[in-house]
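Trainee: Handing over input28.txt, compact mmCIF, C-alpha atoms and all ligand atoms.
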# COMPACT_ATOMS: atom_id res chain seq x y z
CA MET A 1 4.41 10.38 -26.45
CA GLN A 2 1.78 11.97 -24.20
CA MET A 3 2.14 11.11 -20.49
CA ASP A 4 -0.05 11.87 -17.46
CA ARG A 5 2.72 13.46 -15.39
CA ILE A 6 6.49 13.99 -15.63
CA TRP A 7 9.11 14.66 -12.95
CA ARG A 8 12.29 16.22 -14.33
CA ARG A 9 15.69 17.34 -12.98
CA ALA A 10 15.53 14.40 -10.55
CA ARG A 11 18.35 12.33 -9.13
CA LEU A 12 17.13 8.75 -9.39
CA ALA A 13 18.06 5.71 -7.33
CA THR A 14 16.37 3.25 -9.68
CA CYS A 15 17.45 0.22 -7.59
CA ARG A 16 17.35 -1.83 -10.81
CA ALA A 17 18.93 -5.27 -10.62
CA ASP A 18 20.67 -4.82 -13.98
CA ALA A 19 22.56 -1.70 -12.81
CA PRO A 20 25.41 -1.54 -10.30
CA GLY A 21 24.78 -0.25 -6.77
CA LEU A 22 21.56 1.73 -6.59
CA GLY A 23 21.34 2.30 -10.34
CA VAL A 24 21.81 6.04 -9.94
CA VAL A 25 20.85 8.48 -12.70
CA GLU A 26 22.10 12.02 -11.97
CA ASP A 27 19.97 14.05 -14.38
CA GLY A 28 16.84 11.92 -14.52
CA VAL A 29 13.27 11.99 -15.72
CA ILE A 30 10.32 9.85 -14.61
CA ALA A 31 7.14 9.75 -16.64
CA THR A 32 3.89 8.11 -15.58
CA LYS A 33 0.95 6.93 -17.63
CA ALA A 34 -2.16 5.17 -16.25
CA GLY A 35 -0.51 4.70 -12.85
CA ARG A 36 2.56 2.93 -14.22
CA ILE A 37 6.11 4.08 -14.87
CA ALA A 38 6.45 4.73 -18.58
CA TYR A 39 10.03 6.03 -18.40
CA ALA A 40 12.69 6.31 -15.67
CA GLY A 41 16.13 7.25 -16.92
CA PRO A 42 18.49 9.92 -18.19
CA ALA A 43 17.00 13.22 -19.38
CA ALA A 44 19.21 12.96 -22.47
CA ASN A 45 17.24 9.94 -23.77
CA TRP A 46 13.78 11.29 -22.94
CA ARG A 47 11.29 12.49 -25.55
CA GLY A 48 7.70 13.22 -24.55
CA ASP A 49 5.32 15.60 -22.86
CA ALA A 50 2.57 15.75 -20.24
CA PRO A 51 -0.01 18.23 -18.95
CA GLU A 52 1.88 18.33 -15.64
CA VAL A 53 5.68 18.66 -15.54
CA ILE A 54 7.24 18.85 -12.06
CA ASP A 55 10.76 20.28 -11.67
CA LEU A 56 12.46 18.47 -8.76
CA ASP A 57 15.50 20.77 -8.76
CA GLY A 58 17.90 17.89 -8.06
CA ARG A 59 15.89 16.15 -5.32
CA TRP A 60 16.42 12.40 -4.92
CA VAL A 61 13.75 9.94 -6.01
CA THR A 62 13.66 6.33 -4.80
CA PRO A 63 11.04 3.65 -5.29
CA GLY A 64 8.31 4.11 -2.66
CA LEU A 65 9.53 2.36 0.47
CA ILE A 66 8.20 -1.11 1.33
CA ASP A 67 7.76 -2.33 4.91
CA CYS A 68 7.64 -6.08 4.24
CA HIS A 69 7.03 -7.38 7.80
CA THR A 70 4.57 -5.75 10.21
CA HIS A 71 1.98 -6.70 12.81
CA LEU A 72 0.45 -3.23 12.41
CA VAL A 73 -3.18 -4.26 13.03
CA TYR A 74 -3.97 -4.98 16.68
CA ALA A 75 -5.92 -3.48 19.58
CA GLY A 76 -4.72 -2.32 22.97
CA ASP A 77 -1.14 -1.63 23.95
CA ARG A 78 1.52 -3.10 26.23
CA ALA A 79 3.00 0.02 27.81
CA ALA A 80 2.33 -1.35 31.31
CA GLU A 81 4.31 -4.51 30.47
CA PHE A 82 7.11 -2.32 29.18
CA GLU A 83 7.23 -0.75 32.64
CA GLN A 84 7.25 -4.21 34.27
CA ARG A 85 10.14 -5.20 32.04
CA LEU A 86 12.06 -2.07 32.98
CA ALA A 87 11.52 -3.09 36.61
CA GLY A 88 13.14 -6.45 35.91
CA ALA A 89 10.39 -8.84 34.72
CA SER A 90 11.36 -10.91 31.66
CA TYR A 91 9.34 -11.24 28.42
CA ALA A 92 8.90 -14.96 29.25
CA GLU A 93 7.69 -14.28 32.83
CA ILE A 94 5.12 -11.78 31.59
CA ALA A 95 3.95 -14.25 28.95
CA ALA A 96 3.69 -17.03 31.57
CA ALA A 97 1.47 -14.75 33.70
CA GLY A 98 -0.98 -14.41 30.79
CA GLY A 99 0.46 -11.17 29.43
CA GLY A 100 2.59 -10.70 26.33
CA ILE A 101 1.04 -11.83 23.04
CA LEU A 102 -2.04 -13.13 24.88
CA SER A 103 -2.88 -9.73 26.33
CA THR A 104 -2.94 -8.34 22.78
CA VAL A 105 -5.06 -11.34 21.73
CA ARG A 106 -7.68 -10.48 24.37
CA ALA A 107 -7.90 -6.85 23.21
CA THR A 108 -7.90 -7.82 19.51
CA ARG A 109 -10.63 -10.45 19.90
CA ALA A 110 -12.85 -7.79 21.47
CA ALA A 111 -12.36 -5.36 18.56
CA SER A 112 -14.54 -5.01 15.45
CA VAL A 113 -13.08 -4.41 11.98
CA PRO A 114 -13.76 -0.62 12.26
CA ASP A 115 -12.17 -0.64 15.76
CA LEU A 116 -9.07 -2.35 14.38
CA ILE A 117 -8.83 0.08 11.47
CA ALA A 118 -9.21 3.08 13.80
CA ALA A 119 -6.50 1.73 16.13
CA SER A 120 -4.12 1.07 13.22
CA LEU A 121 -4.47 4.28 11.17
CA PRO A 122 -2.29 6.45 13.47
CA ARG A 123 0.49 3.85 13.22
CA LEU A 124 0.05 3.63 9.47
CA ASP A 125 0.23 7.42 9.14
CA ARG A 126 3.65 7.43 10.84
CA LEU A 127 4.94 4.85 8.36
CA LEU A 128 3.57 6.79 5.40
CA ALA A 129 5.35 9.93 6.63
CA ASP A 130 8.59 7.99 6.04
CA GLY A 131 7.79 7.38 2.38
CA VAL A 132 6.18 3.94 2.67
CA THR A 133 3.91 3.08 -0.26
CA THR A 134 3.48 -0.68 0.37
CA LEU A 135 3.30 -2.58 3.62
CA GLU A 136 2.68 -6.12 4.69
CA VAL A 137 0.38 -6.80 7.64
CA LYS A 138 0.13 -10.12 9.48
CA SER A 139 -2.71 -11.62 11.47
CA GLY A 140 -1.89 -13.62 14.58
CA TYR A 141 -3.57 -11.81 17.47
CA GLY A 142 -6.99 -13.38 16.82
CA LEU A 143 -6.16 -17.09 17.13
CA GLU A 144 -9.76 -18.04 16.32
CA VAL A 145 -11.40 -18.15 12.90
CA GLU A 146 -13.45 -14.97 12.95
CA ALA A 147 -10.92 -12.87 14.87
CA GLU A 148 -8.13 -13.83 12.43
CA CYS A 149 -10.45 -12.94 9.55
CA ARG A 150 -11.30 -9.58 11.14
CA MET A 151 -7.62 -8.72 11.49
CA LEU A 152 -6.95 -9.48 7.82
CA ALA A 153 -10.11 -7.67 6.69
CA ALA A 154 -9.00 -4.63 8.72
CA ALA A 155 -5.55 -4.80 7.10
CA ARG A 156 -7.10 -4.91 3.62
CA GLY A 157 -9.49 -2.15 4.70
CA LEU A 158 -6.65 0.26 5.46
CA ALA A 159 -6.19 0.78 1.72
CA ALA A 160 -9.68 2.31 1.54
CA HIS A 161 -8.62 4.99 4.06
CA ARG A 162 -5.13 5.87 2.83
CA SER A 163 -3.22 5.83 -0.43
CA VAL A 164 -1.12 2.72 0.22
CA ASN A 165 -0.83 -0.86 -0.99
CA VAL A 166 -1.42 -3.52 1.64
CA VAL A 167 -0.23 -7.13 1.36
CA THR A 168 -1.61 -9.55 3.96
CA THR A 169 -0.17 -12.61 5.65
CA PHE A 170 -2.04 -15.23 7.67
CA LEU A 171 -0.06 -15.90 10.88
CA GLY A 172 -2.53 -18.11 12.76
CA ALA A 173 0.51 -20.05 14.01
CA HIS A 174 1.78 -17.09 16.07
CA ALA A 175 0.86 -18.31 19.55
CA LEU A 176 -1.23 -21.02 21.17
CA PRO A 177 -4.63 -19.77 22.37
CA PRO A 178 -5.18 -20.58 26.05
CA GLU A 179 -8.48 -22.41 25.48
CA MET A 180 -7.21 -25.20 23.25
CA PRO A 181 -4.73 -28.14 23.25
CA ARG A 182 -1.83 -27.82 20.77
CA ALA A 183 -2.93 -30.50 18.34
CA ASP A 184 -6.47 -29.11 18.15
CA TYR A 185 -5.20 -25.60 17.43
CA LEU A 186 -2.82 -26.85 14.73
CA GLY A 187 -5.78 -28.67 13.19
CA LEU A 188 -7.80 -25.45 13.26
CA VAL A 189 -5.01 -23.39 11.65
CA THR A 190 -4.36 -25.92 8.88
CA GLY A 191 -8.08 -26.65 8.45
CA ALA A 192 -11.01 -24.33 9.14
CA MET A 193 -8.98 -21.14 9.56
CA LEU A 194 -7.05 -21.44 6.34
CA GLU A 195 -10.21 -22.49 4.53
CA ALA A 196 -12.18 -19.46 5.75
CA ILE A 197 -9.32 -17.11 4.94
CA THR A 198 -8.72 -18.43 1.43
CA ALA A 199 -12.46 -18.66 0.69
CA ARG A 200 -12.75 -14.94 1.52
CA GLY A 201 -9.50 -14.05 -0.27
CA LEU A 202 -8.08 -12.43 2.84
CA ALA A 203 -4.43 -13.54 2.72
CA ASP A 204 -1.63 -13.34 0.17
CA HIS A 205 0.85 -15.46 2.17
CA VAL A 206 1.13 -17.78 5.16
CA ASP A 207 3.66 -17.34 7.98
CA VAL A 208 4.56 -19.30 11.15
CA PHE A 209 6.41 -18.26 14.33
CA CYS A 210 8.86 -21.19 14.38
CA GLU A 211 10.47 -20.97 17.82
CA GLY A 212 10.88 -22.85 21.10
CA ILE A 213 8.22 -20.62 22.70
CA ALA A 214 5.88 -20.95 19.70
CA PHE A 215 5.68 -23.68 17.00
CA SER A 216 8.09 -26.55 16.28
CA LEU A 217 9.73 -27.42 13.00
CA GLU A 218 7.29 -30.31 12.49
CA GLU A 219 4.29 -28.05 13.19
CA THR A 220 5.72 -25.48 10.77
CA ARG A 221 5.91 -28.18 8.11
CA GLN A 222 2.22 -29.01 8.66
CA VAL A 223 1.22 -25.37 8.21
CA PHE A 224 3.42 -25.04 5.10
CA ASP A 225 1.85 -28.19 3.60
CA ALA A 226 -1.61 -26.74 4.22
CA ALA A 227 -0.56 -23.42 2.64
CA ARG A 228 0.70 -25.35 -0.38
CA ARG A 229 -2.66 -27.14 -0.72
CA HIS A 230 -4.31 -23.70 -0.85
CA GLY A 231 -1.72 -22.36 -3.31
CA LEU A 232 -0.39 -19.69 -0.94
CA PRO A 233 3.34 -18.82 -0.76
CA VAL A 234 5.02 -19.07 2.63
CA LYS A 235 7.28 -16.94 4.82
CA LEU A 236 8.78 -17.80 8.20
CA HIS A 237 9.64 -16.16 11.53
CA ALA A 238 12.86 -18.14 11.86
CA GLU A 239 15.69 -18.18 14.37
CA GLN A 240 14.76 -15.06 16.33
CA LEU A 241 15.64 -16.55 19.72
CA SER A 242 17.12 -19.98 18.93
CA ASN A 243 17.92 -22.26 15.99
CA LEU A 244 15.34 -24.93 15.25
CA GLY A 245 16.36 -25.25 11.59
CA GLY A 246 13.62 -22.97 10.32
CA SER A 247 15.67 -21.32 7.59
CA ARG A 248 16.60 -24.67 6.06
CA LEU A 249 12.98 -25.81 6.11
CA ALA A 250 11.81 -22.51 4.61
CA ALA A 251 14.35 -22.79 1.79
CA ALA A 252 13.16 -26.34 1.09
CA TYR A 253 9.60 -24.97 0.66
CA GLY A 254 10.80 -22.14 -1.58
CA ALA A 255 9.69 -19.57 1.01
CA LEU A 256 9.58 -15.92 -0.06
CA SER A 257 11.47 -14.92 3.09
CA VAL A 258 12.90 -15.92 6.44
CA ASP A 259 12.56 -13.16 8.99
CA HIS A 260 14.63 -12.22 12.10
CA VAL A 261 17.39 -14.85 11.43
CA GLU A 262 19.74 -13.76 14.26
CA TYR A 263 20.40 -17.43 15.16
CA THR A 264 20.52 -18.73 11.58
CA ASP A 265 23.51 -20.98 10.89
CA PRO A 266 25.85 -19.24 8.39
CA ALA A 267 25.97 -22.58 6.55
CA ASP A 268 22.26 -22.15 5.68
CA ALA A 269 22.99 -19.10 3.52
CA ALA A 270 23.72 -21.24 0.45
CA ALA A 271 20.32 -22.96 0.65
CA LEU A 272 18.53 -19.62 1.03
CA ALA A 273 20.39 -18.18 -1.96
CA ALA A 274 19.60 -21.23 -4.11
CA ALA A 275 15.90 -21.01 -3.18
CA GLY A 276 15.75 -17.25 -3.84
CA THR A 277 14.55 -16.77 -0.25
CA VAL A 278 15.08 -13.25 1.12
CA ALA A 279 16.54 -12.74 4.61
CA VAL A 280 14.40 -10.06 6.29
CA LEU A 281 16.33 -8.30 9.07
CA LEU A 282 14.33 -6.71 11.89
CA PRO A 283 16.74 -4.51 13.84
CA ALA A 284 14.05 -2.82 15.97
CA ALA A 285 13.11 -6.17 17.60
CA PHE A 286 16.84 -6.86 18.06
CA PHE A 287 17.15 -3.47 19.78
CA CYS A 288 14.06 -3.76 22.00
CA LEU A 289 15.03 -7.25 23.21
CA ARG A 290 18.61 -6.09 23.85
CA GLU A 291 19.69 -8.97 21.60
CA THR A 292 23.43 -9.32 21.12
CA LYS A 293 23.59 -12.16 18.57
CA LEU A 294 23.90 -10.60 15.12
CA PRO A 295 22.39 -12.19 12.00
CA PRO A 296 25.04 -13.94 9.83
CA ILE A 297 25.31 -10.95 7.49
CA ALA A 298 28.77 -11.80 6.14
CA ALA A 299 27.51 -15.26 5.12
CA PHE A 300 24.41 -13.73 3.48
CA ARG A 301 26.63 -11.34 1.53
CA ALA A 302 29.05 -14.07 0.48
CA ALA A 303 26.26 -16.40 -0.69
CA GLY A 304 24.29 -13.61 -2.39
CA VAL A 305 21.19 -13.87 -0.17
CA PRO A 306 19.08 -10.74 -0.77
CA MET A 307 18.62 -8.87 2.52
CA ALA A 308 15.50 -6.84 3.25
CA LEU A 309 14.72 -4.62 6.24
CA ALA A 310 11.37 -4.17 7.97
CA SER A 311 9.86 -2.61 11.07
CA ASP A 312 8.21 -5.73 12.61
CA CYS A 313 5.85 -3.09 14.08
CA ASN A 314 4.16 -4.98 16.96
CA PRO A 315 3.05 -4.10 20.49
CA GLY A 316 5.53 -6.43 22.22
CA THR A 317 9.01 -6.57 20.76
CA ALA A 318 9.06 -3.70 18.24
CA PRO A 319 6.64 -0.85 18.99
CA VAL A 320 8.16 1.16 16.16
CA THR A 321 6.38 3.03 13.37
CA SER A 322 9.36 4.58 11.57
CA LEU A 323 11.02 2.69 8.74
CA LEU A 324 13.69 5.40 8.55
CA LEU A 325 14.61 4.70 12.18
CA VAL A 326 14.82 0.99 11.35
CA MET A 327 17.16 1.87 8.46
CA SER A 328 19.30 3.80 10.90
CA MET A 329 19.39 0.82 13.26
CA ALA A 330 20.44 -1.43 10.36
CA ALA A 331 23.39 0.87 9.79
CA THR A 332 24.49 1.29 13.38
CA LEU A 333 23.60 -2.11 14.87
CA PHE A 334 24.11 -4.36 11.80
CA ARG A 335 26.65 -2.26 9.86
CA LEU A 336 24.76 -2.55 6.60
CA THR A 337 25.96 -0.19 3.88
CA VAL A 338 23.75 2.63 2.60
CA ASP A 339 23.21 0.71 -0.65
CA GLU A 340 22.20 -2.45 1.24
CA ILE A 341 19.82 -0.44 3.43
CA LEU A 342 18.10 1.20 0.47
CA LEU A 343 17.80 -2.04 -1.48
CA GLY A 344 16.48 -3.60 1.75
CA VAL A 345 13.42 -1.34 1.78
CA THR A 346 12.86 -1.37 -2.00
CA ARG A 347 13.91 -4.16 -4.37
CA HIS A 348 14.63 -6.84 -1.78
CA ALA A 349 11.51 -5.99 0.24
CA ALA A 350 9.44 -6.33 -2.96
CA GLN A 351 11.02 -9.75 -3.53
CA ALA A 352 10.19 -10.75 0.08
CA LEU A 353 6.53 -10.04 -0.79
CA GLY A 354 6.62 -11.82 -4.16
CA ARG A 355 5.86 -8.47 -5.82
CA LEU A 356 9.08 -7.71 -7.65
CA ASP A 357 7.22 -7.70 -10.96
CA GLN A 358 5.03 -4.83 -9.67
CA ILE A 359 7.08 -2.63 -7.30
CA GLY A 360 10.50 -2.11 -5.72
CA THR A 361 12.45 -0.50 -8.58
CA LEU A 362 12.04 2.44 -10.94
CA GLU A 363 11.49 0.60 -14.22
CA PRO A 364 8.98 0.94 -17.04
CA GLY A 365 5.89 -1.17 -16.48
CA LYS A 366 6.01 -1.10 -12.69
CA ARG A 367 3.50 0.79 -10.58
CA CYS A 368 4.60 4.41 -10.26
CA ASP A 369 5.16 4.41 -6.48
CA LEU A 370 7.81 6.96 -5.55
CA ALA A 371 9.39 8.62 -2.53
CA ILE A 372 10.87 12.07 -3.22
CA TRP A 373 13.47 13.23 -0.71
CA GLU A 374 14.74 16.63 0.40
CA VAL A 375 18.34 15.43 0.82
CA GLU A 376 21.74 16.02 -0.76
CA ARG A 377 22.95 12.45 -0.23
CA LEU A 378 20.94 9.27 0.20
CA ALA A 379 23.09 8.50 3.28
CA GLU A 380 20.98 11.14 5.04
CA LEU A 381 18.06 8.70 5.13
CA PRO A 382 19.71 6.26 7.60
CA TYR A 383 21.96 8.98 9.06
CA ARG A 384 19.30 11.12 10.70
CA LEU A 385 17.45 9.72 13.72
CA GLY A 386 13.78 10.56 14.12
CA TYR A 387 13.58 12.97 11.20
CA SER A 388 11.88 12.34 7.89
CA PRO A 389 13.17 14.38 4.94
CA LEU A 390 10.28 13.15 2.75
CA ALA A 391 9.23 15.81 0.23
CA ALA A 392 6.46 13.84 -1.48
CA ARG A 393 4.95 10.39 -1.72
CA ILE A 394 3.54 9.21 -5.05
CA VAL A 395 1.24 6.18 -5.30
CA ALA A 396 0.29 4.81 -8.71
CA GLY A 397 1.47 8.04 -10.31
CA GLU A 398 -0.61 10.31 -8.06
CA PRO A 399 0.63 12.60 -5.25
CA ALA A 400 -0.56 10.92 -2.04
N1 LIG A 501 8.12 -12.32 16.85
C1 LIG A 501 8.08 -11.22 17.58
O1 LIG A 501 9.04 -10.59 17.93
C2 LIG A 501 6.69 -10.85 17.78
N2 LIG A 501 6.00 -11.92 17.17
C3 LIG A 501 6.86 -12.74 16.62
O2 LIG A 501 6.51 -13.71 15.98
C4 LIG A 501 6.26 -10.62 19.17
C5 LIG A 501 4.83 -10.24 19.17
C6 LIG A 501 4.33 -9.75 20.49
O3 LIG A 501 5.02 -9.80 21.54
O4 LIG A 501 3.18 -9.27 20.50
FE FE A 502 7.15 -10.44 13.40
Would it be possible to restate this file's structure as structure tokens?

Mentor:
Amino acid sequence: MQMDRIWRRARLATCRADAPGLGVVEDGVIATKAGRIAYAGPAANWRGDAPEVIDLDGRWVTPGLIDCHTHLVYAGDRAAEFEQRLAGASYAEIAAAGGGILSTVRATRAASVPDLIAASLPRLDRLLADGVTTLEVKSGYGLEVEAECRMLAAARGLAAHRSVNVVTTFLGAHALPPEMPRADYLGLVTGAMLEAITARGLADHVDVFCEGIAFSLEETRQVFDAARRHGLPVKLHAEQLSNLGGSRLAAAYGALSVDHVEYTDPADAAALAAAGTVAVLLPAAFFCLRETKLPPIAAFRAAGVPMALASDCNPGTAPVTSLLLVMSMAATLFRLTVDEILLGVTRHAAQALGRLDQIGTLEPGKRCDLAIWEVERLAELPYRLGYSPLAARIVAGEPA
């Protein structure tokens, strides 16, 4: 059969669910046709040709990496607050003095869509240099109808500037804007904001920061009910700093993911597994906050909860733009295995975005998004710190 492009002499980590471990194929071929994977498997079973045949000389190929939790789009920065924190001020004290999330809200409200895109592209470029082909971007620094819409429009707009797939999440329930009582803001999020965002097709999911310093379990339920009325799947920032029961609630709503989960009760793992909810681990936020409470990883493993990894790229608690560094942190801080780390940025990250039918594994029919690596062993990806051995990034079958 005639293909558009073929990569041969590749070592494949297919990450397929029906294969053990990473579904490795030592002498592999990948063929693409019309942007999709037409074949990914052993050379011995391959018959076909293409105008372009690329010899990878034994290089490793993984699915293009997926960063399934970011706050990449925002304006301004918080380097001065970082200095205050080094001098002893706490995150909570800075927030109480009008800094923290609200300082990013002020800068973001003042930015146009082109401003937001221009501010975000350098961060995006760093992620792409690590082999990222899909990323999620959340709103949540606008906290008013038009500013939330601008953030999401900017996130969608990134795909017009770079070869990357962007998935968007409405996180109006990130913080309380200073100008409005709680109940009124909740009404705005579940009413006019969600209506404007769905009418303009700006969001793929809805998320809430369920936390003592943010939104309660009951408020989370209200936002989830509103998301359900609009037919949008939900995700949750759950148990980052304390346990309000967010993971259990998220599982009850069939959430795609619960994210952070340091304070999640190990007993909740069974409910997450039954609901097919992914636990998204965010080791860079853990690191930056000098957190010591580890997520209940043994319970997730025992119950079979899929674990994903993401950057949480944000100006406050995770100013990181390297997914490879996050993978390294998952190894050293969380003791994830190399297989868990790689599945965490491919198959499980795709599941956390509800996109497993499209991306996340090397299987026929999926979009041909690949990362090609100049490494001998895949362990080199989390092993090295601050070095990207990416040889090529392929998006929808095309070198990107
Ligand atoms: N969890 C976090 O760690 C960030 N947001 C969230 O829901 C913090 C965002 C910020 O400080 O700007
Ligand atoms: Fe986050």

Trainee: Please find the residues contacting ligand LIG 501 (chain A) at a distance of at most 9 Å between atoms, with all atoms listed in the file counted, and report them as a VMD selection string.

Mentor: chain A and resid 71 78 91 95 100 to 105 140 to 141 171 173 to 175 208 to 211 214 237 to 238 240 260 282 285 to 286 289 312 to 318

Trainee: Using all atoms listed in the file, pick whichever of A:Ala13, A:Ala183, A:Ala310, A:Ile359 has the shortest atom-to-atom distance to Glu26 (chain A).

Mentor: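 The shortest atom-to-atom distance to Glu26 (chain A) comes from A:Ala13.
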
Trainee: Considering all atoms listed in the file, state which residue in the set A:Leu309, A:Lys138, A:Tyr253, A:Glu144 is at the smallest distance from ligand FE 502 (chain A).

Mentor: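 Checking each of A:Leu309, A:Lys138, A:Tyr253, A:Glu144 against ligand FE 502 (chain A), counting all atoms listed in the file, the winner is A:Lys138.
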
Trainee: Mind pulling up the distance from CA of Ala298 (chain A) to CA of Ser247 (chain A)?

Mentor: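 If I compute the distance from CA of Ser247 (chain A) to CA of Ala298 (chain A), I get 16.3 Å.
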
Trainee: Could you check which of A:Ala50, A:Ile372, A:Cys149, A:Ala17 is closest to Ala192 (chain A), using only C-alpha atoms?

Mentor: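 Ranked by minimum distance to Ala192 (chain A), first place goes to A:Cys149.
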
Trainee: Need the shell around Cys68 (chain A): protein/DNA/RNA residues with any atom at most 6 Å away, counting only C-alpha atoms. Skip same-chain ones fewer than 5 positions apart. Format as a ChimeraX atom specification?

Mentor: /A:135-136,310,349

Trainee: Quick one: distance from CA of Leu72 (chain A) to CA of Arg123 (chain A) in Å, one decimal?

Mentor: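 Pair CA of Leu72 (chain A) / CA of Arg123 (chain A) returns 7.1 Å.
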
Trainee: What does the structure give for the distance between CA of Leu381 (chain A) and CA of Ala303 (chain A), in Å to one decimal?

Mentor: 27.0 Å

Trainee: In terms of the shortest atom-to-atom distance over all atoms listed in the file, which of A:Lys235, A:Arg16, A:Arg126, A:Arg162 is closest to ligand FE 502 (chain A)?

Mentor: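 Counting all atoms listed in the file, the residue closest to ligand FE 502 (chain A) is A:Lys235.
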
Trainee: Here is a test: counting all atoms listed in the file, which residue of A:Ala371, A:Ala308, A:Leu143, A:Leu362 is nearest to Arg36 (chain A)?

Mentor: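 Closest to Arg36 (chain A), using all atoms listed in the file: A:Leu362.
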
Trainee: When you count only C-alpha atoms and all ligand atoms, which of these residues is closest to ligand FE 502 (chain A): A:Ile54, A:Val24, A:Leu236, A:Leu121?

Mentor: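 With only C-alpha atoms and all ligand atoms as the atom set, the closest residue is A:Leu236.
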
Trainee: Report, as JSON, the centre and edge lengths in Å (one decimal) of the axis-aligned box enclosing every listed atom of region 12-16 of chain A, padded by 3 Å on each side.

Mentor:
{"center_x": 17.2, "center_y": 3.5, "center_z": -9.1, "size_x": 7.7, "size_y": 16.6, "size_z": 9.5}

Trainee: Once you count all atoms listed in the file, which residues end up no further than 9 Å from (16.6, 18.3, -13.3) in the file's frame, shown as a list in words?

Mentor: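 Using all atoms listed in the file, the matching residues come out as Trp7, Arg8, Arg9, Ala10, Arg11, Glu26, Asp27, Gly28, Val29, Ala43, Asp55, Leu56, Asp57, Gly58 and Arg59 of chain A.
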
Trainee: Could you pull region 300-304 of chain A out of the block above and give me all heavy atoms, as a short mmCIF file (atom, residue, chain, number, x, y, z; two decimals), in the first residue's frame?

Mentor:
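Ended up saving to part_13.cif:
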data_model
loop_
_atom_site.label_atom_id
_atom_site.label_comp_id
_atom_site.auth_asym_id
_atom_site.auth_seq_id
_atom_site.Cartn_x
_atom_site.Cartn_y
_atom_site.Cartn_z
N PHE A 300 -2.74 3.97 44.43
CA PHE A 300 -3.13 4.12 43.01
C PHE A 300 -2.68 2.88 42.22
O PHE A 300 -3.43 2.35 41.40
CB PHE A 300 -2.52 5.38 42.40
CG PHE A 300 -3.07 6.68 42.93
CD1 PHE A 300 -2.31 7.84 42.91
CD2 PHE A 300 -4.36 6.76 43.45
CE1 PHE A 300 -2.81 9.04 43.39
CE2 PHE A 300 -4.88 7.96 43.94
CZ PHE A 300 -4.09 9.11 43.91
N ARG A 301 -1.45 2.46 42.49
CA ARG A 301 -0.94 1.26 41.78
C ARG A 301 -1.79 0.05 42.10
O ARG A 301 -2.21 -0.70 41.21
CB ARG A 301 0.49 0.96 42.22
CG ARG A 301 1.54 1.84 41.61
CD ARG A 301 2.93 1.36 42.03
NE ARG A 301 3.94 2.25 41.50
CZ ARG A 301 4.91 2.82 42.22
NH1 ARG A 301 5.04 2.57 43.52
NH2 ARG A 301 5.78 3.62 41.63
N ALA A 302 -2.07 -0.15 43.39
CA ALA A 302 -2.79 -1.35 43.82
C ALA A 302 -4.20 -1.38 43.23
O ALA A 302 -4.69 -2.44 42.84
CB ALA A 302 -2.84 -1.40 45.35
N ALA A 303 -4.83 -0.20 43.15
CA ALA A 303 -6.22 -0.16 42.65
C ALA A 303 -6.27 -0.08 41.12
O ALA A 303 -7.35 -0.23 40.54
CB ALA A 303 -6.93 1.05 43.25
N GLY A 304 -5.12 0.17 40.49
CA GLY A 304 -5.12 0.29 39.03
C GLY A 304 -5.62 1.65 38.56
O GLY A 304 -6.24 1.75 37.49
#
